[in-house]
>>> print(open('data05.cif').read())   # mmCIF, C-alpha atoms
data_query
loop_
_atom_site.group_PDB
_atom_site.id
_atom_site.type_symbol
_atom_site.label_atom_id
_atom_site.label_comp_id
_atom_site.auth_asym_id
_atom_site.auth_seq_id
_atom_site.Cartn_x
_atom_site.Cartn_y
_atom_site.Cartn_z
ATOM 1 C CA MET Q 1 -13.413 -31.623 15.291
ATOM 2 C CA GLY Q 2 -11.042 -33.984 17.068
ATOM 3 C CA LYS Q 3 -10.376 -33.629 20.786
ATOM 4 C CA LYS Q 4 -6.999 -33.393 22.521
ATOM 5 C CA ILE Q 5 -6.579 -36.230 25.017
ATOM 6 C CA ALA Q 6 -3.870 -36.220 27.680
ATOM 7 C CA CYS Q 7 -2.608 -39.710 28.531
ATOM 8 C CA VAL Q 8 -0.586 -40.017 31.738
ATOM 9 C CA VAL Q 9 1.535 -43.150 31.547
ATOM 10 C CA THR Q 10 4.824 -44.629 32.742
ATOM 11 C CA ASN Q 11 6.576 -48.000 32.704
ATOM 12 C CA MET Q 12 4.615 -51.160 33.518
ATOM 13 C CA PHE Q 13 1.290 -49.966 32.091
ATOM 14 C CA GLU Q 14 -1.041 -52.722 30.884
ATOM 15 C CA ASP Q 15 -0.142 -52.933 27.185
ATOM 16 C CA SER Q 16 -3.605 -53.362 25.644
ATOM 17 C CA GLU Q 17 -5.178 -50.863 28.053
ATOM 18 C CA TYR Q 18 -3.007 -48.185 26.456
ATOM 19 C CA SER Q 19 -2.751 -49.376 22.858
ATOM 20 C CA GLU Q 20 -6.380 -50.265 22.128
ATOM 21 C CA PRO Q 21 -8.003 -47.062 23.468
ATOM 22 C CA ALA Q 22 -5.235 -44.890 21.956
ATOM 23 C CA LYS Q 23 -5.832 -46.528 18.572
ATOM 24 C CA ALA Q 24 -9.624 -46.105 18.898
ATOM 25 C CA PHE Q 25 -9.245 -42.425 19.861
ATOM 26 C CA GLU Q 26 -6.882 -41.699 16.965
ATOM 27 C CA GLU Q 27 -9.006 -43.599 14.439
ATOM 28 C CA ALA Q 28 -11.957 -41.412 15.522
ATOM 29 C CA GLY Q 29 -9.898 -38.282 14.754
ATOM 30 C CA HIS Q 30 -8.700 -37.408 18.257
ATOM 31 C CA LYS Q 31 -5.100 -36.636 19.270
ATOM 32 C CA VAL Q 32 -3.530 -38.553 22.169
ATOM 33 C CA THR Q 33 -0.565 -36.869 23.879
ATOM 34 C CA THR Q 34 1.475 -39.095 26.191
ATOM 35 C CA ILE Q 35 2.762 -37.448 29.372
ATOM 36 C CA GLU Q 36 5.373 -38.720 31.835
ATOM 37 C CA MET Q 37 8.197 -37.215 33.883
ATOM 38 C CA VAL Q 38 10.561 -37.009 30.902
ATOM 39 C CA LYS Q 39 9.710 -35.990 27.326
ATOM 40 C CA GLY Q 40 11.196 -38.309 24.694
ATOM 41 C CA LYS Q 41 11.616 -41.229 27.096
ATOM 42 C CA THR Q 42 10.368 -44.637 25.958
ATOM 43 C CA VAL Q 43 8.150 -46.452 28.451
ATOM 44 C CA LYS Q 44 7.339 -50.151 28.248
ATOM 45 C CA GLY Q 45 4.199 -52.111 28.971
ATOM 46 C CA LYS Q 46 4.312 -54.825 31.618
ATOM 47 C CA GLN Q 47 3.610 -57.537 29.027
ATOM 48 C CA GLY Q 48 6.582 -56.316 26.950
ATOM 49 C CA GLU Q 49 4.398 -55.968 23.847
ATOM 50 C CA VAL Q 50 4.036 -52.182 23.656
ATOM 51 C CA GLU Q 51 6.548 -49.343 23.878
ATOM 52 C CA VAL Q 52 5.437 -45.715 23.968
ATOM 53 C CA GLU Q 53 7.557 -42.651 23.295
ATOM 54 C CA ILE Q 54 6.549 -39.846 25.642
ATOM 55 C CA ASP Q 55 5.357 -36.685 23.882
ATOM 56 C CA GLU Q 56 5.538 -34.237 26.803
ATOM 57 C CA SER Q 57 6.872 -33.933 30.347
ATOM 58 C CA ILE Q 58 4.389 -33.268 33.153
ATOM 59 C CA ASP Q 59 6.171 -29.951 33.795
ATOM 60 C CA SER Q 60 5.491 -28.684 30.259
ATOM 61 C CA VAL Q 61 1.720 -29.323 30.080
ATOM 62 C CA LYS Q 62 -1.381 -27.662 31.496
ATOM 63 C CA PRO Q 63 -4.794 -29.346 31.899
ATOM 64 C CA ASP Q 64 -6.379 -26.376 30.070
ATOM 65 C CA SER Q 65 -4.612 -27.511 26.865
ATOM 66 C CA PHE Q 66 -6.598 -30.769 26.772
ATOM 67 C CA ASP Q 67 -10.223 -31.814 26.372
ATOM 68 C CA ALA Q 68 -9.988 -35.175 28.184
ATOM 69 C CA LEU Q 69 -7.731 -37.370 30.342
ATOM 70 C CA PHE Q 70 -6.916 -41.046 29.699
ATOM 71 C CA ILE Q 71 -5.348 -43.219 32.438
ATOM 72 C CA PRO Q 72 -4.339 -46.738 31.325
ATOM 73 C CA GLY Q 73 -4.064 -49.460 33.964
ATOM 74 C CA GLY Q 74 -1.284 -51.771 35.040
ATOM 75 C CA PHE Q 75 1.296 -50.589 37.582
ATOM 76 C CA SER Q 76 1.651 -47.170 35.917
ATOM 77 C CA PRO Q 77 -1.126 -45.338 37.847
ATOM 78 C CA ASP Q 78 0.254 -46.477 41.219
ATOM 79 C CA GLN Q 79 3.676 -45.075 40.304
ATOM 80 C CA LEU Q 80 2.232 -41.817 38.970
ATOM 81 C CA ARG Q 81 0.119 -41.159 42.064
ATOM 82 C CA ALA Q 82 3.300 -40.926 44.151
ATOM 83 C CA ASP Q 83 4.073 -37.710 42.222
ATOM 84 C CA GLU Q 84 1.929 -34.729 43.243
ATOM 85 C CA ARG Q 85 2.238 -33.195 39.750
ATOM 86 C CA PHE Q 86 0.254 -36.080 38.239
ATOM 87 C CA VAL Q 87 -2.243 -36.067 41.107
ATOM 88 C CA SER Q 88 -3.039 -32.371 40.673
ATOM 89 C CA PHE Q 89 -3.121 -32.769 36.862
ATOM 90 C CA ALA Q 90 -5.763 -35.516 37.172
ATOM 91 C CA LYS Q 91 -7.666 -33.582 39.841
ATOM 92 C CA SER Q 92 -7.999 -30.601 37.474
ATOM 93 C CA PHE Q 93 -9.840 -32.703 34.875
ATOM 94 C CA MET Q 94 -12.228 -34.084 37.481
ATOM 95 C CA ASP Q 95 -12.840 -30.669 39.073
ATOM 96 C CA ASP Q 96 -13.418 -29.048 35.658
ATOM 97 C CA LYS Q 97 -15.873 -31.833 34.678
ATOM 98 C CA LYS Q 98 -13.821 -32.793 31.635
ATOM 99 C CA PRO Q 99 -14.041 -36.398 30.389
ATOM 100 C CA VAL Q 100 -11.775 -38.830 32.273
ATOM 101 C CA PHE Q 101 -11.209 -42.401 31.076
ATOM 102 C CA ALA Q 102 -9.637 -44.762 33.644
ATOM 103 C CA ILE Q 103 -9.330 -48.523 33.255
ATOM 104 C CA CYS Q 104 -8.161 -51.272 35.619
ATOM 105 C CA HIS Q 105 -5.801 -49.625 38.147
ATOM 106 C CA GLY Q 106 -6.302 -46.202 36.512
ATOM 107 C CA PRO Q 107 -8.701 -45.052 39.261
ATOM 108 C CA GLN Q 108 -5.800 -45.226 41.756
ATOM 109 C CA LEU Q 109 -4.689 -41.811 40.497
ATOM 110 C CA LEU Q 110 -8.226 -40.484 41.061
ATOM 111 C CA ILE Q 111 -8.311 -41.995 44.573
ATOM 112 C CA THR Q 112 -5.139 -40.111 45.490
ATOM 113 C CA ALA Q 113 -6.592 -36.946 43.914
ATOM 114 C CA LYS Q 114 -9.614 -37.401 46.230
ATOM 115 C CA THR Q 115 -12.067 -37.079 43.329
ATOM 116 C CA LEU Q 116 -14.162 -40.259 43.569
ATOM 117 C CA GLU Q 117 -16.378 -39.375 46.518
ATOM 118 C CA GLY Q 118 -20.056 -39.722 45.614
ATOM 119 C CA ARG Q 119 -19.313 -41.210 42.199
ATOM 120 C CA HIS Q 120 -20.206 -44.545 40.636
ATOM 121 C CA ALA Q 121 -17.150 -46.287 39.214
ATOM 122 C CA THR Q 122 -15.401 -49.584 38.654
ATOM 123 C CA GLY Q 123 -11.822 -50.797 38.433
ATOM 124 C CA TYR Q 124 -9.704 -53.870 38.908
ATOM 125 C CA THR Q 125 -11.079 -56.012 41.745
ATOM 126 C CA SER Q 126 -7.990 -55.486 43.940
ATOM 127 C CA ILE Q 127 -8.717 -51.740 44.224
ATOM 128 C CA LYS Q 128 -12.435 -52.149 45.012
ATOM 129 C CA VAL Q 129 -11.981 -51.513 48.745
ATOM 130 C CA ASP Q 130 -9.679 -48.544 48.063
ATOM 131 C CA MET Q 131 -12.333 -47.041 45.788
ATOM 132 C CA GLU Q 132 -15.004 -47.586 48.440
ATOM 133 C CA TYR Q 133 -12.816 -45.966 51.117
ATOM 134 C CA ALA Q 134 -12.431 -43.043 48.703
ATOM 135 C CA GLY Q 135 -16.215 -42.660 48.730
ATOM 136 C CA ALA Q 136 -17.065 -44.243 45.384
ATOM 137 C CA THR Q 137 -19.907 -46.661 44.841
ATOM 138 C CA TYR Q 138 -18.079 -49.614 43.258
ATOM 139 C CA LEU Q 139 -20.023 -51.429 40.540
ATOM 140 C CA ASP Q 140 -18.739 -54.756 39.203
ATOM 141 C CA LYS Q 141 -19.636 -53.993 35.568
ATOM 142 C CA GLU Q 142 -17.647 -53.938 32.332
ATOM 143 C CA VAL Q 143 -18.070 -50.178 32.059
ATOM 144 C CA VAL Q 144 -19.475 -47.475 34.311
ATOM 145 C CA VAL Q 145 -20.203 -43.956 33.077
ATOM 146 C CA CYS Q 146 -20.720 -41.440 35.889
ATOM 147 C CA GLY Q 147 -22.051 -37.920 35.503
ATOM 148 C CA ASN Q 148 -21.480 -37.865 31.746
ATOM 149 C CA GLN Q 149 -17.804 -37.361 32.642
ATOM 150 C CA LEU Q 150 -16.062 -40.389 34.138
ATOM 151 C CA VAL Q 151 -15.690 -43.693 32.257
ATOM 152 C CA THR Q 152 -14.201 -46.636 34.173
ATOM 153 C CA SER Q 153 -13.676 -50.316 33.364
ATOM 154 C CA ARG Q 154 -12.129 -53.325 35.111
ATOM 155 C CA THR Q 155 -9.810 -55.326 32.826
ATOM 156 C CA PRO Q 156 -8.596 -55.721 29.223
ATOM 157 C CA GLU Q 157 -11.666 -57.892 28.562
ATOM 158 C CA ASP Q 158 -13.778 -54.746 29.080
ATOM 159 C CA LEU Q 159 -11.932 -52.707 26.431
ATOM 160 C CA PRO Q 160 -14.674 -52.841 23.751
ATOM 161 C CA ALA Q 161 -17.209 -51.306 26.176
ATOM 162 C CA PHE Q 162 -14.608 -48.888 27.606
ATOM 163 C CA ASN Q 163 -13.652 -47.641 24.140
ATOM 164 C CA ARG Q 164 -17.304 -47.357 23.042
ATOM 165 C CA GLU Q 165 -18.351 -45.270 26.056
ATOM 166 C CA SER Q 166 -15.201 -43.150 26.017
ATOM 167 C CA LEU Q 167 -15.766 -42.310 22.345
ATOM 168 C CA ASN Q 168 -19.439 -41.524 23.082
ATOM 169 C CA LEU Q 169 -18.359 -38.938 25.664
ATOM 170 C CA LEU Q 170 -15.999 -37.312 23.176
ATOM 171 C CA LYS Q 171 -18.824 -36.655 20.666
#
>>> encode(input="data05.cif", output="structure tokens")
Amino acid sequence: MGKKIACVVTNMFEDSEYSEPAKAFEEAGHKVTTIEMVKGKTVKGKQGEVEVEIDESIDSVKPDSFDALFIPGGFSPDQLRADERFVSFAKSFMDDKKPVFAICHGPQLLITAKTLEGRHATGYTSIKVDMEYAGATYLDKEVVVCGNQLVTSRTPEDLPAFNRESLNLLK
């Protein structure tokens, strides 16, 4: 039985950090629903290679409707964390111990949601100190799985490990 995965994303996401996991999730039989401020809007990756049509607005979705949360990197998570609706949406997944997949700058949303304290995680090197200030133990590894719930990776080069561990958690 496929899982329903919420993907919070806006303009300037890292193209491959959205497209490769989304493809892996869908090929494994899961459904990815993209969520932004405006349903039907098209958002563009920062490399200009990927465009995503938004399935739902943040105001029309509830965390209870989804089995997991996916946060691609790039500049998207930093923009989303300025909006309390996305922060509380992400916090719900962490508080409810549902799977959360965050790559590169994705953990920025979890930092703002104050959900990394006491956790092992990784992310892009420029947010290492932010993650440590948030109470996370930062590990410079291609993928970190914490508490059989949180999967984090650093860069597009880590996508094979990120996808593998994310799919393992969805089993």
>>> atom_distance(input="data05.cif", atom1="atom CA of Ser92 of chain Q", atom2="atom CA of Gly29 of chain Q")
24.1 Å
>>> resolve_selection(input="data05.cif", expression="the PyMOL selection byres ((chain Q and resi 120) around 12)", output="PyMOL selection string")
chain Q and resi 107+115-119+121-123+128+131-132+134-141+143-153
>>> closest_residue(input="data05.cif", among="Q:Lys23, Q:Gln79, Q:Ile5, Q:Asp15", to="Val61 of chain Q", atoms="all atoms listed in the file")
Q:Ile5
>>> resolve_selection(input="data05.cif", expression="the PyMOL selection byres ((chain Q and resi 37) around 7)", output="list in words")
Glu36, Val38, Lys39, Ser57 and Ile58 of chain Q
>>> resolve_selection(input="data05.cif", expression="the PyMOL selection byres ((chain Q and resi 48) around 10)", output="JSON, numbers by chain")
{"Q": [12, 13, 14, 15, 44, 45, 46, 47, 49, 50, 51]}
>>> closest_residue(input="data05.cif", among="Q:Val32, Q:Ala82, Q:Ile127, Q:Ala161", to="Thr112 of chain Q", atoms="only C-alpha atoms")
Q:Ala82
>>> residues_around(input="data05.cif", residues="Lys31 of chain Q", least_positions_apart="5", cutoff="12 Å", atoms="all atoms listed in the file", output="list in words")
Met1, Gly2, Lys3, Lys4, Ile5, Ala6, Cys7, Pro21, Ala22, Lys23, Ala24, Phe25, Glu26, Asp55, Ser65, Phe66, Asp67, Ala68, Leu69, Phe70 and Leu170 of chain Q
>>> residues_around(input="data05.cif", residues="Glu157 of chain Q", least_positions_apart="6", cutoff="12 Å", atoms="only C-alpha atoms", output="list of chain:residue names")
Q:Ser16, Q:Glu17, Q:Glu20, Q:Ile103, Q:Cys104, Q:Tyr124, Q:Lys141, Q:Glu142, Q:Val143, Q:Asn163
>>> decode(input="data05.cif", residues="segment 51-72 of chain Q", atoms="N, CA, C and O atoms", output="short mmCIF file (atom, residue, chain, number, x, y, z; two decimals), in the first residue's frame")
data_model
loop_
_atom_site.label_atom_id
_atom_site.label_comp_id
_atom_site.auth_asym_id
_atom_site.auth_seq_id
_atom_site.Cartn_x
_atom_site.Cartn_y
_atom_site.Cartn_z
N GLU Q 51 10.32 22.38 -13.25
CA GLU Q 51 9.17 23.17 -12.86
C GLU Q 51 8.16 22.21 -12.23
O GLU Q 51 8.00 21.09 -12.69
N VAL Q 52 7.50 22.67 -11.18
CA VAL Q 52 6.55 21.84 -10.45
C VAL Q 52 5.23 22.59 -10.32
O VAL Q 52 5.21 23.74 -9.86
N GLU Q 53 4.15 21.93 -10.72
CA GLU Q 53 2.83 22.52 -10.50
C GLU Q 53 2.36 22.11 -9.11
O GLU Q 53 2.39 20.93 -8.75
N ILE Q 54 1.92 23.09 -8.34
CA ILE Q 54 1.52 22.86 -6.96
C ILE Q 54 0.14 22.22 -6.90
O ILE Q 54 -0.82 22.72 -7.48
N ASP Q 55 0.06 21.10 -6.16
CA ASP Q 55 -1.18 20.34 -6.04
C ASP Q 55 -2.17 20.97 -5.05
O ASP Q 55 -3.38 20.93 -5.27
N GLU Q 56 -1.65 21.49 -3.93
CA GLU Q 56 -2.52 22.00 -2.87
C GLU Q 56 -1.93 23.25 -2.23
O GLU Q 56 -0.71 23.41 -2.18
N SER Q 57 -2.81 24.09 -1.68
CA SER Q 57 -2.33 25.24 -0.90
C SER Q 57 -2.18 24.80 0.55
O SER Q 57 -2.87 23.88 1.01
N ILE Q 58 -1.29 25.45 1.27
CA ILE Q 58 -1.04 25.11 2.67
C ILE Q 58 -2.32 25.25 3.50
O ILE Q 58 -2.51 24.53 4.48
N ASP Q 59 -3.22 26.14 3.09
CA ASP Q 59 -4.46 26.35 3.84
C ASP Q 59 -5.48 25.22 3.63
O ASP Q 59 -6.44 25.13 4.40
N SER Q 60 -5.28 24.39 2.62
CA SER Q 60 -6.27 23.35 2.32
C SER Q 60 -5.84 21.95 2.76
O SER Q 60 -6.54 20.98 2.50
N VAL Q 61 -4.68 21.84 3.41
CA VAL Q 61 -4.17 20.52 3.81
C VAL Q 61 -4.01 20.41 5.32
O VAL Q 61 -3.83 21.41 6.00
N LYS Q 62 -4.07 19.17 5.79
CA LYS Q 62 -3.87 18.87 7.21
C LYS Q 62 -2.80 17.78 7.31
O LYS Q 62 -2.81 16.83 6.53
N PRO Q 63 -1.88 17.88 8.26
CA PRO Q 63 -0.85 16.85 8.41
C PRO Q 63 -1.44 15.44 8.56
O PRO Q 63 -0.85 14.47 8.10
N ASP Q 64 -2.62 15.33 9.19
CA ASP Q 64 -3.25 14.02 9.39
C ASP Q 64 -3.56 13.30 8.09
O ASP Q 64 -3.75 12.08 8.09
N SER Q 65 -3.63 14.04 6.97
CA SER Q 65 -3.95 13.44 5.67
C SER Q 65 -2.74 12.77 5.02
O SER Q 65 -2.89 12.17 3.95
N PHE Q 66 -1.56 12.89 5.64
CA PHE Q 66 -0.34 12.39 5.02
C PHE Q 66 0.42 11.45 5.96
O PHE Q 66 0.32 11.56 7.18
N ASP Q 67 1.19 10.56 5.34
CA ASP Q 67 1.99 9.59 6.09
C ASP Q 67 3.42 10.07 6.33
O ASP Q 67 4.10 9.55 7.22
N ALA Q 68 3.90 11.01 5.51
CA ALA Q 68 5.29 11.46 5.59
C ALA Q 68 5.41 12.87 5.03
O ALA Q 68 4.53 13.34 4.31
N LEU Q 69 6.54 13.52 5.37
CA LEU Q 69 6.84 14.87 4.88
C LEU Q 69 8.19 14.87 4.18
O LEU Q 69 9.16 14.32 4.69
N PHE Q 70 8.24 15.52 3.02
CA PHE Q 70 9.46 15.63 2.21
C PHE Q 70 9.77 17.11 2.02
O PHE Q 70 8.91 17.88 1.59
N ILE Q 71 11.01 17.51 2.39
CA ILE Q 71 11.44 18.91 2.27
C ILE Q 71 12.69 18.97 1.40
O ILE Q 71 13.80 18.71 1.86
N PRO Q 72 12.54 19.32 0.11
CA PRO Q 72 13.71 19.48 -0.76
C PRO Q 72 14.53 20.70 -0.33
O PRO Q 72 14.01 21.61 0.32
#
